[in-house]
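Student: Input structure: entry_27.cif, which contains mmCIF, N, CA and C atoms.
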```
data_structure
loop_
_atom_site.label_atom_id
_atom_site.label_comp_id
_atom_site.auth_asym_id
_atom_site.auth_seq_id
_atom_site.Cartn_x
_atom_site.Cartn_y
_atom_site.Cartn_z
N MET D 6 113.87 43.84 12.35
CA MET D 6 112.62 43.37 12.93
C MET D 6 111.96 42.38 11.97
N SER D 7 111.30 41.41 12.51
CA SER D 7 110.62 40.40 11.73
C SER D 7 109.37 40.97 11.08
N ALA D 8 109.00 40.45 9.93
CA ALA D 8 107.79 40.89 9.25
C ALA D 8 106.56 40.15 9.75
N HIS D 9 106.74 39.23 10.67
CA HIS D 9 105.63 38.46 11.22
C HIS D 9 104.71 39.36 12.03
N SER D 10 103.45 38.98 12.08
CA SER D 10 102.53 39.61 13.01
C SER D 10 101.45 38.61 13.35
N THR D 11 100.82 38.84 14.48
CA THR D 11 99.76 37.96 14.92
C THR D 11 98.71 38.77 15.65
N VAL D 12 97.51 38.25 15.71
CA VAL D 12 96.41 38.92 16.39
C VAL D 12 96.07 38.12 17.64
N VAL D 13 95.91 38.85 18.74
CA VAL D 13 95.60 38.25 20.03
C VAL D 13 94.25 38.78 20.50
N LYS D 14 93.38 37.90 20.95
CA LYS D 14 92.13 38.33 21.57
C LYS D 14 92.43 38.63 23.03
N VAL D 15 91.91 39.76 23.50
CA VAL D 15 92.18 40.21 24.86
C VAL D 15 90.87 40.62 25.52
N ARG D 16 90.68 40.24 26.75
CA ARG D 16 89.57 40.71 27.59
C ARG D 16 90.20 41.58 28.66
N VAL D 17 89.82 42.86 28.70
CA VAL D 17 90.43 43.83 29.61
C VAL D 17 89.49 44.11 30.78
N ILE D 18 90.07 44.15 31.97
CA ILE D 18 89.33 44.56 33.16
C ILE D 18 90.00 45.83 33.67
N PRO D 19 89.37 46.99 33.43
CA PRO D 19 89.97 48.25 33.85
C PRO D 19 89.79 48.50 35.35
N ARG D 20 90.51 49.49 35.85
CA ARG D 20 90.46 49.92 37.25
C ARG D 20 90.86 48.81 38.21
N ALA D 21 91.79 47.98 37.80
CA ALA D 21 92.29 46.91 38.67
C ALA D 21 93.34 47.51 39.61
N GLY D 22 93.71 46.77 40.63
CA GLY D 22 94.72 47.23 41.57
C GLY D 22 96.07 47.43 40.92
N GLN D 23 96.40 46.57 39.97
CA GLN D 23 97.64 46.68 39.22
C GLN D 23 97.45 46.09 37.84
N THR D 24 98.30 46.48 36.92
CA THR D 24 98.23 45.95 35.56
C THR D 24 98.99 44.64 35.52
N LYS D 25 98.28 43.57 35.10
CA LYS D 25 98.92 42.25 35.08
C LYS D 25 98.14 41.28 34.19
N LEU D 26 98.84 40.25 33.76
CA LEU D 26 98.25 39.15 33.03
C LEU D 26 97.56 38.26 34.05
N ALA D 27 96.25 38.03 33.86
CA ALA D 27 95.48 37.29 34.85
C ALA D 27 95.03 35.92 34.36
N GLY D 28 95.54 35.48 33.21
CA GLY D 28 95.19 34.15 32.71
C GLY D 28 94.45 34.23 31.40
N ARG D 29 93.56 33.27 31.21
CA ARG D 29 92.76 33.21 29.99
C ARG D 29 91.29 33.18 30.36
N ARG D 30 90.50 33.72 29.47
CA ARG D 30 89.04 33.59 29.57
C ARG D 30 88.58 33.16 28.19
N GLY D 31 88.23 31.89 28.07
CA GLY D 31 87.91 31.34 26.76
C GLY D 31 89.15 31.33 25.89
N ASP D 32 89.06 31.92 24.71
CA ASP D 32 90.22 31.98 23.82
C ASP D 32 90.93 33.34 23.90
N ALA D 33 90.60 34.14 24.90
CA ALA D 33 91.20 35.47 25.04
C ALA D 33 92.11 35.53 26.27
N LEU D 34 93.11 36.40 26.19
CA LEU D 34 93.94 36.68 27.36
C LEU D 34 93.14 37.58 28.29
N LEU D 35 93.21 37.35 29.56
CA LEU D 35 92.56 38.20 30.55
C LEU D 35 93.63 39.10 31.14
N ILE D 36 93.46 40.40 30.94
CA ILE D 36 94.45 41.36 31.43
C ILE D 36 93.75 42.39 32.30
N ARG D 37 94.26 42.54 33.50
CA ARG D 37 93.75 43.55 34.42
C ARG D 37 94.62 44.80 34.22
N VAL D 38 93.95 45.94 34.04
CA VAL D 38 94.64 47.20 33.79
C VAL D 38 94.29 48.17 34.90
N ALA D 39 95.29 48.79 35.50
CA ALA D 39 95.07 49.72 36.61
C ALA D 39 94.38 51.00 36.14
N ALA D 40 94.59 51.40 34.91
CA ALA D 40 94.02 52.64 34.40
C ALA D 40 92.51 52.53 34.21
N ALA D 41 91.86 53.68 34.32
CA ALA D 41 90.42 53.75 34.07
C ALA D 41 90.17 53.89 32.56
N PRO D 42 89.00 53.46 32.10
CA PRO D 42 88.69 53.58 30.67
C PRO D 42 88.23 54.98 30.30
N VAL D 43 89.04 55.97 30.62
CA VAL D 43 88.71 57.37 30.36
C VAL D 43 89.82 57.98 29.50
N ASP D 44 89.44 58.73 28.49
CA ASP D 44 90.40 59.39 27.60
C ASP D 44 91.45 58.42 27.05
N ASP D 45 91.04 57.20 26.76
CA ASP D 45 91.90 56.20 26.14
C ASP D 45 93.05 55.72 27.05
N ALA D 46 92.96 56.02 28.35
CA ALA D 46 94.04 55.65 29.28
C ALA D 46 94.19 54.14 29.41
N ALA D 47 93.08 53.40 29.47
CA ALA D 47 93.17 51.95 29.62
C ALA D 47 93.77 51.31 28.37
N ASN D 48 93.41 51.81 27.19
CA ASN D 48 93.99 51.28 25.95
C ASN D 48 95.48 51.56 25.88
N ALA D 49 95.88 52.75 26.27
CA ALA D 49 97.30 53.10 26.27
C ALA D 49 98.07 52.21 27.24
N ALA D 50 97.51 52.00 28.43
CA ALA D 50 98.16 51.14 29.42
C ALA D 50 98.25 49.70 28.91
N LEU D 51 97.21 49.25 28.22
CA LEU D 51 97.21 47.90 27.65
C LEU D 51 98.31 47.73 26.62
N THR D 52 98.45 48.67 25.70
CA THR D 52 99.46 48.53 24.66
C THR D 52 100.88 48.58 25.24
N VAL D 53 101.09 49.44 26.22
CA VAL D 53 102.41 49.50 26.87
C VAL D 53 102.69 48.19 27.59
N PHE D 54 101.70 47.66 28.31
CA PHE D 54 101.87 46.41 29.04
C PHE D 54 102.18 45.25 28.09
N LEU D 55 101.42 45.13 27.01
CA LEU D 55 101.64 44.04 26.06
C LEU D 55 102.99 44.15 25.37
N ALA D 56 103.41 45.36 25.04
CA ALA D 56 104.73 45.54 24.42
C ALA D 56 105.82 45.08 25.37
N ASP D 57 105.71 45.44 26.64
CA ASP D 57 106.70 44.99 27.62
C ASP D 57 106.62 43.48 27.83
N LEU D 58 105.41 42.96 27.89
CA LEU D 58 105.21 41.52 28.11
C LEU D 58 105.82 40.68 27.00
N PHE D 59 105.62 41.12 25.76
CA PHE D 59 106.11 40.35 24.61
C PHE D 59 107.48 40.82 24.13
N ASP D 60 108.05 41.81 24.80
CA ASP D 60 109.39 42.32 24.48
C ASP D 60 109.47 42.80 23.03
N VAL D 61 108.52 43.63 22.66
CA VAL D 61 108.50 44.26 21.34
C VAL D 61 108.37 45.77 21.55
N PRO D 62 108.73 46.58 20.56
CA PRO D 62 108.54 48.03 20.69
C PRO D 62 107.06 48.37 20.84
N ARG D 63 106.77 49.44 21.52
CA ARG D 63 105.37 49.84 21.74
C ARG D 63 104.62 50.08 20.44
N ARG D 64 105.33 50.57 19.43
CA ARG D 64 104.68 50.83 18.14
C ARG D 64 104.26 49.53 17.45
N SER D 65 104.74 48.38 17.94
CA SER D 65 104.40 47.09 17.34
C SER D 65 103.10 46.51 17.88
N VAL D 66 102.49 47.19 18.83
CA VAL D 66 101.23 46.71 19.43
C VAL D 66 100.13 47.71 19.09
N THR D 67 99.13 47.25 18.34
CA THR D 67 98.02 48.12 17.97
C THR D 67 96.69 47.42 18.23
N ILE D 68 95.73 48.18 18.67
CA ILE D 68 94.39 47.65 18.90
C ILE D 68 93.64 47.74 17.58
N GLU D 69 93.28 46.58 17.03
CA GLU D 69 92.59 46.55 15.74
C GLU D 69 91.09 46.70 15.88
N ALA D 70 90.53 46.17 16.95
CA ALA D 70 89.08 46.24 17.16
C ALA D 70 88.80 46.24 18.65
N GLY D 71 87.73 46.93 19.02
CA GLY D 71 87.31 46.94 20.42
C GLY D 71 87.86 48.10 21.23
N GLN D 72 88.17 49.20 20.59
CA GLN D 72 88.75 50.33 21.31
C GLN D 72 87.87 50.80 22.46
N ARG D 73 86.58 50.68 22.33
CA ARG D 73 85.67 51.17 23.37
C ARG D 73 85.06 50.07 24.23
N GLY D 74 85.45 48.83 23.99
CA GLY D 74 84.89 47.73 24.76
C GLY D 74 85.95 46.99 25.55
N ARG D 75 85.52 46.01 26.29
CA ARG D 75 86.45 45.20 27.07
C ARG D 75 87.09 44.10 26.23
N ASP D 76 86.37 43.64 25.21
CA ASP D 76 86.90 42.61 24.33
C ASP D 76 87.59 43.27 23.15
N LYS D 77 88.86 42.93 22.94
CA LYS D 77 89.66 43.59 21.92
C LYS D 77 90.41 42.57 21.07
N ARG D 78 90.76 43.00 19.87
CA ARG D 78 91.70 42.26 19.02
C ARG D 78 92.92 43.13 18.89
N VAL D 79 94.07 42.60 19.31
CA VAL D 79 95.31 43.36 19.32
C VAL D 79 96.31 42.70 18.39
N ARG D 80 96.87 43.49 17.48
CA ARG D 80 97.90 42.99 16.56
C ARG D 80 99.27 43.26 17.15
N VAL D 81 100.10 42.21 17.18
CA VAL D 81 101.48 42.32 17.64
C VAL D 81 102.38 42.03 16.44
N THR D 82 103.10 43.04 16.00
CA THR D 82 104.00 42.92 14.86
C THR D 82 105.39 42.58 15.39
N GLY D 83 106.04 41.66 14.70
CA GLY D 83 107.39 41.25 15.10
C GLY D 83 107.43 39.88 15.74
N LEU D 84 106.27 39.27 15.93
CA LEU D 84 106.19 37.92 16.49
C LEU D 84 105.27 37.08 15.62
N SER D 85 105.67 35.85 15.37
CA SER D 85 104.79 34.92 14.67
C SER D 85 103.81 34.33 15.69
N ASP D 86 102.79 33.65 15.20
CA ASP D 86 101.84 32.98 16.09
C ASP D 86 102.57 32.01 17.02
N GLU D 87 103.52 31.27 16.45
CA GLU D 87 104.26 30.28 17.23
C GLU D 87 105.09 30.94 18.34
N GLU D 88 105.79 32.02 18.00
CA GLU D 88 106.60 32.73 19.00
C GLU D 88 105.72 33.30 20.11
N LEU D 89 104.61 33.88 19.73
CA LEU D 89 103.71 34.46 20.72
C LEU D 89 103.14 33.37 21.63
N ASN D 90 102.71 32.26 21.06
CA ASN D 90 102.16 31.17 21.86
C ASN D 90 103.20 30.58 22.81
N THR D 91 104.45 30.48 22.37
CA THR D 91 105.52 29.99 23.23
C THR D 91 105.71 30.92 24.43
N ARG D 92 105.75 32.22 24.17
CA ARG D 92 105.90 33.19 25.25
C ARG D 92 104.73 33.16 26.22
N LEU D 93 103.52 33.04 25.66
CA LEU D 93 102.33 33.01 26.52
C LEU D 93 102.31 31.76 27.39
N THR D 94 102.67 30.63 26.81
CA THR D 94 102.70 29.39 27.57
C THR D 94 103.64 29.53 28.76
N THR D 95 104.81 30.11 28.52
CA THR D 95 105.77 30.33 29.60
C THR D 95 105.22 31.27 30.65
N LEU D 96 104.60 32.36 30.23
CA LEU D 96 104.10 33.36 31.17
C LEU D 96 102.91 32.84 31.98
N LEU D 97 102.04 32.07 31.35
CA LEU D 97 100.85 31.58 32.04
C LEU D 97 101.14 30.46 33.02
N VAL D 98 102.29 29.79 32.85
CA VAL D 98 102.68 28.71 33.76
C VAL D 98 103.23 29.28 35.05
N GLN D 99 103.87 30.44 34.98
CA GLN D 99 104.52 31.04 36.16
C GLN D 99 103.53 31.40 37.23
#
```
I need this file expressed as structure tokens, please.

Tutor:
Amino acid sequence: MSAHSTVVKVRVIPRAGQTKLAGRRGDALLIRVAAAPVDDAANAALTVFLADLFDVPRRSVTIEAGQRGRDKRVRVTGLSDEELNTRLTTLLVQ
């Protein structure tokens, strides 16, 4: 695994119909999460979704700040800033 890591700003909208990448809001990714923000369910769903989205192990995605809010800083280990931006550009174009 690569020693690279990067931090991503995320804006979460809980209780959505489905968990999905919904674009950008300012400099943050907008992610709709189906889980409710109860008992850390929305945060868990977010980390699983981002790990699958970026094709990294779930343990490589950690919420650094914003555990109780909608605005979060998420660290993704195993991807450089450049790799993450390339993947996001591809995903946001689709």

Student: What's the 6 Å shell around segment 37-45 of chain D, counting all atoms listed in the file, without same-chain residues fewer than 4 positions away, as a list in words?

Tutor: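 Non-adjacent residues within range: Val17, Ile18, Pro19, Arg20, Ala21, Gly22, Gln23, Thr24, Lys25, Leu26, Ala27, Ala49 and Ala50 of chain D.
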
Student: When DSSP is applied to the backbone of this structure, which of chain D are assigned strand (DSSP E or B)? Write them out as a compact mmCIF listing (two decimals) with N, CA and C atoms, keeping the file's coordinate frame.

Tutor:
```
# COMPACT_ATOMS: atom_id res chain seq x y z
N SER D 10 103.45 38.98 12.08
CA SER D 10 102.53 39.61 13.01
C SER D 10 101.45 38.61 13.35
N THR D 11 100.82 38.84 14.48
CA THR D 11 99.76 37.96 14.92
C THR D 11 98.71 38.77 15.65
N VAL D 12 97.51 38.25 15.71
CA VAL D 12 96.41 38.92 16.39
C VAL D 12 96.07 38.12 17.64
N VAL D 13 95.91 38.85 18.74
CA VAL D 13 95.60 38.25 20.03
C VAL D 13 94.25 38.78 20.50
N LYS D 14 93.38 37.90 20.95
CA LYS D 14 92.13 38.33 21.57
C LYS D 14 92.43 38.63 23.03
N VAL D 15 91.91 39.76 23.50
CA VAL D 15 92.18 40.21 24.86
C VAL D 15 90.87 40.62 25.52
N ARG D 16 90.68 40.24 26.75
CA ARG D 16 89.57 40.71 27.59
C ARG D 16 90.20 41.58 28.66
N VAL D 17 89.82 42.86 28.70
CA VAL D 17 90.43 43.83 29.61
C VAL D 17 89.49 44.11 30.78
N ILE D 18 90.07 44.15 31.97
CA ILE D 18 89.33 44.56 33.16
C ILE D 18 90.00 45.83 33.67
N LYS D 25 98.28 43.57 35.10
CA LYS D 25 98.92 42.25 35.08
C LYS D 25 98.14 41.28 34.19
N LEU D 26 98.84 40.25 33.76
CA LEU D 26 98.25 39.15 33.03
C LEU D 26 97.56 38.26 34.05
N ALA D 27 96.25 38.03 33.86
CA ALA D 27 95.48 37.29 34.85
C ALA D 27 95.03 35.92 34.36
N GLY D 28 95.54 35.48 33.21
CA GLY D 28 95.19 34.15 32.71
C GLY D 28 94.45 34.23 31.40
N ARG D 29 93.56 33.27 31.21
CA ARG D 29 92.76 33.21 29.99
C ARG D 29 91.29 33.18 30.36
N ARG D 30 90.50 33.72 29.47
CA ARG D 30 89.04 33.59 29.57
C ARG D 30 88.58 33.16 28.19
N ALA D 33 90.60 34.14 24.90
CA ALA D 33 91.20 35.47 25.04
C ALA D 33 92.11 35.53 26.27
N LEU D 34 93.11 36.40 26.19
CA LEU D 34 93.94 36.68 27.36
C LEU D 34 93.14 37.58 28.29
N LEU D 35 93.21 37.35 29.56
CA LEU D 35 92.56 38.20 30.55
C LEU D 35 93.63 39.10 31.14
N ILE D 36 93.46 40.40 30.94
CA ILE D 36 94.45 41.36 31.43
C ILE D 36 93.75 42.39 32.30
N ARG D 37 94.26 42.54 33.50
CA ARG D 37 93.75 43.55 34.42
C ARG D 37 94.62 44.80 34.22
N VAL D 66 102.49 47.19 18.83
CA VAL D 66 101.23 46.71 19.43
C VAL D 66 100.13 47.71 19.09
N THR D 67 99.13 47.25 18.34
CA THR D 67 98.02 48.12 17.97
C THR D 67 96.69 47.42 18.23
N ILE D 68 95.73 48.18 18.67
CA ILE D 68 94.39 47.65 18.90
C ILE D 68 93.64 47.74 17.58
N GLU D 69 93.28 46.58 17.03
CA GLU D 69 92.59 46.55 15.74
C GLU D 69 91.09 46.70 15.88
N ALA D 70 90.53 46.17 16.95
CA ALA D 70 89.08 46.24 17.16
C ALA D 70 88.80 46.24 18.65
N ASP D 76 86.37 43.64 25.21
CA ASP D 76 86.90 42.61 24.33
C ASP D 76 87.59 43.27 23.15
N LYS D 77 88.86 42.93 22.94
CA LYS D 77 89.66 43.59 21.92
C LYS D 77 90.41 42.57 21.07
N ARG D 78 90.76 43.00 19.87
CA ARG D 78 91.70 42.26 19.02
C ARG D 78 92.92 43.13 18.89
N VAL D 79 94.07 42.60 19.31
CA VAL D 79 95.31 43.36 19.32
C VAL D 79 96.31 42.70 18.39
N ARG D 80 96.87 43.49 17.48
CA ARG D 80 97.90 42.99 16.56
C ARG D 80 99.27 43.26 17.15
N VAL D 81 100.10 42.21 17.18
CA VAL D 81 101.48 42.32 17.64
C VAL D 81 102.38 42.03 16.44
N THR D 82 103.10 43.04 16.00
CA THR D 82 104.00 42.92 14.86
C THR D 82 105.39 42.58 15.39
```

Student: Considering only C-alpha atoms, can you say which of D:Val53, D:Val79, D:Ala46, D:Val61 comes closest to Lys14 of chain D?

Tutor: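 Of D:Val53, D:Val79, D:Ala46, D:Val61, the one nearest Lys14 of chain D, counting only C-alpha atoms, is D:Val79.
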
Student: Suppose you want the space between atom CA of Val81 of chain D and atom C of Thr94 of chain D; what is it in Å?

Tutor: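 Distance between the two atoms: 17.1 Å.
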
Student: Measuring atom to atom with only C-alpha atoms, identify which of D:Gln72, D:Thr67, D:Thr82, D:Asn48 is nearest to Thr11 of chain D.

Tutor: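 Of all the options, D:Thr82 lies closest to Thr11 of chain D.
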
Student: Quote the spacing between atom C of Ser65 of chain D and atom C of Arg80 of chain D in Å to one decimal place.

Tutor: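 According to the coordinates, atom C of Ser65 of chain D and atom C of Arg80 of chain D are separated by 5.1 Å.
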
Student: Among segment 22-95 of chain D, which residues carry a DSSP assignment of helix (DSSP H, G or I), reported as a PyMOL selection string?

Tutor: chain D and resi 46-59+63-65+86-95

Student: As a check of understanding, name the residues that the PyMOL selection byres (((chain D and resi 32 and name CA) around 12) and name CA) selects in the supplied structure, as a ChimeraX atom specification.

Tutor: /D:12-16,28-31,33-35,76-78

Student: So how far away is atom N of Ala70 of chain D from atom CA of Ala47 of chain D, in Å?

Tutor: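 Those two atoms sit 14.2 Å apart.
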
Student: Give me the box for segment 57-70 of chain D as AutoDock Vina command-line options, namely the centre and edge lengths in Å to one decimal of a box along x, y and z that holds every listed atom plus 3 Å on each side.

Tutor:
```
--center_x 99.1 --center_y 45.6 --center_z 21.9 --size_x 26.7 --size_y 16.5 --size_z 18.4
```

Student: Can you pull out every residue within 8 Å of Asp86 of chain D, counting all atoms listed in the file, but drop anything in the same chain fewer than 4 positions away, and send it as a ChimeraX atom specification?

Tutor: /D:9-12,90-92

Student: Hey, which of D:Leu84, D:Leu89, D:Leu96, D:Val66 ends up closest to Leu51 of chain D? Count all atoms listed in the file.

Tutor: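 Ranked by minimum distance to Leu51 of chain D, first place goes to D:Val66.
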